[in-house]
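Novice: Let me begin by handing over the structure; questions about it come next.
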Amino acid sequence: MLVVSAMAVSLQADTIPVGQFRYAGGYAMPKPVLIDSTDVNAKPYDAKSLLSSALDLKKVQDGQLWSDLAAPGDSGTLNLLGFDVETSDYFKGKLNLDKAPKQYELYQDGKKSQPGDITLLPGAHTFVVKYLSEGHDSLKVAFVADSAAKVQASALRMADPSKGGNSVCTIEQQVKARRYSGMELSADGKWILYAVYQSTNEGTDWTYFLMERSTGRKVKLQQSSHWLPQTNKFYQFRREGRKLNLVVTDPADLHDEVWAENLPEAQHYDMFPTEDRLLLRIGQEGPKELNPDAYQFLHPDDRQPGWRERSYLAVYDLKTSVTRQLTFGYNSLWCPDISADGRKLLLCKSESRLTARPTKLMSVYVLDLETQQLDTLVNRDGFIGGSLCFSPDAGQVALLGSPECLNGVGNVCGPELTPSMIDNQLYIIDVATKQVRPMTRDFDPMVNQMEWSKADNQIYFVAENRDSLSIYTLNPKTGGIRMIEQPEEVVGAVSLSAKAPVAVFRGESHNHSWRLYAMELGKKARKPVLLEDLNADIYEGIEVAECKPWVCRNSIGDDVCCRYYLPNGFDPSRKYPMIVYYYGGCSPTSRDFEYTYPWTIWAANGYVCLVVNPSGATGFGQKWAARHVNTAGTEPARDIIEATQAFCKEHEYVDASRLGCIGASYGGFMTQYLQTVTDIFRCAVSHAGISDHTTYWGYGYWGYDYSEVSMANSYPWNATELYVDNSPIYHADRIKSSMLFLHGDEDTNVPYNNSVQMYTALKLLGKDVEMVSIKGENHGIRKPSRRILWHNVTMAWFARCLKDDPTWWDALYPKRTL
């Protein structure tokens, strides 16, 4: 009983009748045996109580079709008649039961309801009439749209239950959806450990699983676990009272064995490949303030919780239970990898240098545990990333870094451009000779995860490949790179087996949620095998908006990568409003299904959605990414405006007078900036956007860090053309669009005042502007109930501005006079 198409009714009329139902019933309800004349509350028996008998409302989904006015069912039987409706807009009106059984209950989306005034959020809704038949009942149902609504009657569609079609995706489904985390393969590749998490209003629910790869059989585990490096067993750190124990488990029979008791406390534990020691990262508190009523800043980052804490490394011997401190100093160190023989540690140290870009420097060392010799591999290079690993023989190190790292050996931008600091390239360094090889120098996709296989000596990595994330393999000897065949457009993470040429990965695409796969590598390489469709139950039967790629040739001759989503039930003869979305930082907007900004849901609400990956996005090559640097929005704005105009010209079904745009973080800045340089958008939504580059640079937790990326070597005192001329707050008087500002009131990334001051400016200028503050939220909206509200506020704003229907907005925020 799912929504697929409109019934043969006049959808332009204010009254929308229900013409067909699904029926399940005929459940006999004889009078119970009266042992006493009253119940425990001294009430006599009432035959009407039979209506409250438990009956699964879902039975109607598989029931027979029914379209007669006469309601089926013999006298004295309990029955169900159900129907579905779908609306692409907020619907306000009445649900009338002009004729109904004498004894009935009405349910809307599984909850008891009443006929009369009704509101429906965009999406599909199920109604069930449960009734006690008298043998001659009738049922006549109709929706009546509010006469004040301009588009609501036409937005409501009745289901044709005979076609058994699909429903649209809703924000409630996406908020409810589960996600994968922490996948690991056993050494022989036969078993998989992984975690699944789900956001709730109370926090995050975690579930841990052990799966047999060949059969897909899985069992739940009590806590997070990790595989032993060589033995096909997994280990956990279990707390018993005040003691922390190391427990090893056989996956075949789940038999436990305690390997160590009363372990020392640490921030993190890693098992040595030799399985005889643990590497501990132990925290150390920094200096405290002498006067609790005042706080002296020691560093710009000293505002951040935990900044004064540091850590050092230690080794715990599982045989002797002796802990030996390995490192000492006031800068934190961490160990991204340990050599296969357990002799060498790959160490990283981060330190601060505020007086020059980059302000954070990283050094990389190789520590020989037998000789205690510390070999410096990279010295104070601020363009190195945090992802590093040994080759299987520990003779080489693979690492990620920007084109400027390692003296720019991987830089192809030339002197006229400053590369993006987050455009990760892959490098290999020979430990003995210190020779550096830039492996992806001429490779456009951006590497964001890598692993050097011990089974076949190849490097496998995930890279931003335009608006997809793809898996590649790199031959360290030849430098050859090959994309691995994969069924998903967006790969989240890959895990390799230590001894077998096997990998597992998770992925999603524009039309479905996360799935888990396994694949064989090397000479036995085969197509990935689907192990699990994580949210199949949540999205069962949905109809996903059609997504198509599109390319715009901009005014300087470059191709801008875009894609667009068409409304469910798309009719090319109609005119549709359009929402334009663009990246919120340097990373491209990939083809995710479950994304914070749900394009498929926007399309289901009756909008064409255009997604633009403008100049400055990573994943399109170094020179394209470098356009993010020291442009403060000018080049991305050009691409967004030109793409929007070209799309409208090429696609006649878009109403160019009803365009909206939306972005968050840097995308929120782009939203504001766009309104100061163009008037093509009727309305705009800025979430957590930057309105003043200087306040973001100086006050956001990562403001000056990120400005090293976007404003390289440019500061408020030497680049006012960027920090002032390109800050929207100084050009608020140019804005003509209706503006909505959204911001979490606990945002530590983009200061909350960036939205407040822009809202204030537009209010003083007499502009059409609203601001909604999301309480208790940081840069992103995480709590499910708040995320649903936040989404609804956004869609209500677009309905108000692009569909000339303020009904939803007025329901959320009725006019108040103060």
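Scheme for the structure tokens: letters A, B, ... for chains in order shown; per-chain residue numbers from 1; ligand numbers from 1 in order shown.
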Using backbone DSSP assignments, extract all strand (DSSP E) residues from segment 565-793 of chain A; output them as a PyMOL selection string.
Specialist: chain A and resi 565+576-582+608-613+654-664+683-687+738-744+769-774
Novice: Dump as CSV the rows for residues of segment 579-627 of chain A within 12 Å of segment 760-782 of chain A: closest atom pair and distance in Å with one decimal, only C-alpha atoms counted, ordered by chain and rising residue number.
Specialist:
```
residue,atom,partner,partner_atom,distance
A:Gly584,CA,A:Gly780,CA,11.6
A:Tyr595,CA,A:Gly780,CA,11.9
A:Thr596,CA,A:Gly780,CA,8.6
A:Tyr597,CA,A:Gly780,CA,11.0
```
Novice: Tell me which of A:Gly395, A:Gly203, A:Pro305, A:Pro30 sits closest to Leu346 of chain A, counting only C-alpha atoms.
Specialist: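 Nearest candidate to Leu346 of chain A out of A:Gly395, A:Gly203, A:Pro305, A:Pro30: A:Gly395.
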Novice: Choose the residue, out of A:Pro598, A:Gly329, A:Pro528, A:Pro716, that has the smallest atom-to-atom separation from Arg787 of chain A; count only C-alpha atoms.
Specialist: A:Pro598
Novice: Would you pick out the contacts of segment 503-512 of chain A at 10 Å or less, using only C-alpha atoms, so that residues sharing its chain but fewer than 4 positions from it are not included, and give the list as a ChimeraX atom specification?
Specialist: /A:179-181,183-185,189,192,213,453,460,468-471,486-498,516-521,528-536,539,542-548,565,590-595,599-600
